[in-house]
Amino acid sequence: PESRRHQCVRSSSAHRATPHSTLAHGLVHPSHTTAHRRFGGRTEVRMTIGLAFFHGWGLSRRFWQPLAAALPDHPHAYFDAGYTGEPATPDYDLATQWVAVGHSLGWAHALQNPPPGGWLGMVSLSGFTHFCAHAPGDPGQAKRVVERMVRVFERTPQAVLQDFLTRCQLAELMPEEDPPLHMGRLHHDLHRLIDIDVNPLLAELSAPVLALAAQDDVIVPPELTASIFESHNNTTLTWRADGGHALGYVHANWCAQQIQPFIHNLPHGQTTHR
């Protein structure tokens with residue numbers, strides 16, 4: 001299916017876009033080096049652009065395997081929430097400029113955990129700054145739905161996780177029994193969905209943003225995605241008809257086709273943004 005693209009670039013005479021719009025340590029490949037080009041007696045230094053991947057609730061870096069394979073020309077670093085195994089944050093090479101790639105709750109984690117130089121750009125895959133509706137009738141999930149999910153998780157955690165991943169179209173990524181699931185971390189982050197709100201961090205962000213979303217996402221509904229990204233400065237919001245909440249996994253090649261030109265057009269080798 002064809003995607004629909006919505007370009008929203010805000011200025012001082014800001015206008016709202018119309019709705020027709022469309023942690024393991026980082027792995028730096030030996031071939032990814034800083035480029036130097038000579039111009040007479042002057043050397044131009046172009047820094048490498050790396051991708052830092054942040055997964056969502058109930059998942060691990062396995063979610064990123066197809067997309068990382070489709071974007072082989074950049075160093076990769078990974079956030080891991082430690083739902084199985086130990087948690088870890090990306091190992092940022094300071095000679096590299098970093099682009100965040102966040103899925104679902106991972107997008108909020110990326111906003112909260114920039115590298116020392118800030119993000120050069122950010123990519124959201126079914127991401128959000130808040131998950132539950134601020135008030136009745138607002139976009140987002142009802143708090144009572146997530147609160148009930150938390151209560152049921154406290155009794156039958158594996159059943160809740162399996163049901164959630166199935167609704168996400170990610171049942172095949174249900175963690176194995178060994179290593180065992182870390183129920184405390186899963187419970188903590190599930191509970192965070194009730195009140196998480198990193199909208200102030202997004203409002204302060206000056207780095208370019210690419211938001212990719214599916215119109216059939218039942219976890220992060222299109223209305224919520226539109227309310228977050230359509231009015232944000234320097235943002236491209238691109239829709240695909242299908243893919244659900246698994247967009248970055250089941251349509252990794254399509255996502256890579258959107259991400260590659262976004263990276264190409266970033267101010268490579270220039271000032272990064274916080």
# chains A, B, ... in the order shown; residues from 1 in each chain; ligands from 1
call {"tool": "closest_atom_pairs", "arguments": {"of": "segment 217-242 of chain A", "to": "segment 114-131 of chain A", "cutoff": "8 Å", "atoms": "only C-alpha atoms", "output": "CSV"}}
result
residue,atom,partner,partner_atom,distance
A:Asp217,CA,A:Ser126,CA,8.0
A:Val220,CA,A:Ser126,CA,6.6
A:Leu224,CA,A:Phe128,CA,7.9
A:Thr225,CA,A:Phe128,CA,6.8
A:Ile228,CA,A:Phe128,CA,7.1
call {"tool": "write_last_selection", "arguments": {"atoms": "N, CA, C and O atoms", "output": "tab-separated table (two decimals), in the first residue's frame"}}
result
chain	number	residue	atom	x	y	z
A	217	ASP	N	-2.89	1.07	13.56
A	217	ASP	CA	-2.27	0.83	14.86
A	217	ASP	C	-3.34	0.94	15.95
A	217	ASP	O	-3.93	2.00	16.15
A	220	VAL	N	-1.20	2.62	19.56
A	220	VAL	CA	-1.06	4.08	19.50
A	220	VAL	C	-1.95	4.56	18.35
A	220	VAL	O	-1.54	4.55	17.19
A	224	LEU	N	-3.85	9.99	18.19
A	224	LEU	CA	-2.82	10.36	19.15
A	224	LEU	C	-1.54	10.75	18.44
A	224	LEU	O	-0.90	11.76	18.76
A	225	THR	N	-1.14	9.95	17.44
A	225	THR	CA	0.07	10.27	16.68
A	225	THR	C	-0.04	11.64	16.04
A	225	THR	O	0.89	12.46	16.11
A	228	ILE	N	0.36	14.59	18.41
A	228	ILE	CA	1.72	14.78	18.92
A	228	ILE	C	2.62	15.42	17.87
A	228	ILE	O	3.37	16.36	18.17
call {"tool": "select_by_dssp", "arguments": {"residues": "segment 54-232 of chain A", "states": "strand (DSSP E)", "output": "PyMOL selection string"}}
result
chain A and resi 54+76-79+96-103+121-125+209-214
call {"tool": "residues_around", "arguments": {"residues": "segment 134-142 of chain A", "least_positions_apart": "6", "cutoff": "12 Å", "atoms": "only C-alpha atoms", "output": "ChimeraX atom specification"}}
result
/A:128,148-149,193-197,199,217-228
call {"tool": "closest_residue", "arguments": {"among": "A:Ala110, A:Leu67, A:Ala241, A:Leu161", "to": "Ala81 of chain A", "atoms": "only C-alpha atoms"}}
result
A:Ala110
call {"tool": "select_by_dssp", "arguments": {"residues": "segment 98-158 of chain A", "states": "alpha helix (DSSP H)", "output": "PDB file with C-alpha atoms, in the first residue's frame"}}
result
ATOM      1  CA  LEU A 105       7.729   3.735  24.660  1.00  0.00           C
ATOM      2  CA  GLY A 106      11.287   3.664  23.319  1.00  0.00           C
ATOM      3  CA  TRP A 107      10.649   7.033  21.640  1.00  0.00           C
ATOM      4  CA  ALA A 108      10.032   8.575  25.077  1.00  0.00           C
ATOM      5  CA  HIS A 109      13.145   6.844  26.443  1.00  0.00           C
ATOM      6  CA  ALA A 110      15.174   8.354  23.588  1.00  0.00           C
ATOM      7  CA  LEU A 111      13.908  11.857  24.371  1.00  0.00           C
ATOM      8  CA  GLN A 112      14.937  11.347  27.994  1.00  0.00           C
ATOM      9  CA  LYS A 143      -6.232   5.428  31.864  1.00  0.00           C
ATOM     10  CA  ARG A 144      -8.686   2.875  33.240  1.00  0.00           C
ATOM     11  CA  VAL A 145      -7.690   0.456  30.445  1.00  0.00           C
ATOM     12  CA  VAL A 146      -3.987   0.611  31.359  1.00  0.00           C
ATOM     13  CA  GLU A 147      -4.756   0.501  35.091  1.00  0.00           C
ATOM     14  CA  ARG A 148      -6.737  -2.706  34.551  1.00  0.00           C
ATOM     15  CA  MET A 149      -3.872  -4.119  32.468  1.00  0.00           C
ATOM     16  CA  VAL A 150      -1.502  -3.415  35.374  1.00  0.00           C
ATOM     17  CA  ARG A 151      -3.793  -5.210  37.850  1.00  0.00           C
ATOM     18  CA  VAL A 152      -4.112  -8.268  35.612  1.00  0.00           C
ATOM     19  CA  PHE A 153      -0.352  -8.245  34.981  1.00  0.00           C
ATOM     20  CA  GLU A 154       0.206  -8.513  38.732  1.00  0.00           C
ATOM     21  CA  ARG A 155      -1.688 -11.836  38.677  1.00  0.00           C
ATOM     22  CA  PRO A 157       2.154 -11.352  33.809  1.00  0.00           C
ATOM     23  CA  GLN A 158       3.080 -13.741  31.018  1.00  0.00           C
TER      24      GLN A 158
END
call {"tool": "atom_distance", "arguments": {"atom1": "atom CA of Ile49 of chain A", "atom2": "atom CA of Cys255 of chain A"}}
result
17.6 Å
call {"tool": "closest_residue", "arguments": {"among": "A:Phe229, A:Trp57, A:Trp64, A:Trp239", "to": "Tyr78 of chain A", "atoms": "only C-alpha atoms"}}
result
A:Trp64
call {"tool": "atom_distance", "arguments": {"atom1": "atom CA of Arg192 of chain A", "atom2": "atom CA of Ser104 of chain A"}}
result
12.8 Å
call {"tool": "atom_distance", "arguments": {"atom1": "atom CA of Leu247 of chain A", "atom2": "atom CA of Glu86 of chain A"}}
result
26.1 Å
call {"tool": "closest_residue", "arguments": {"among": "A:Met183, A:Cys168, A:Ala70, A:Leu190", "to": "Trp254 of chain A", "atoms": "only C-alpha atoms"}}
result
A:Ala70
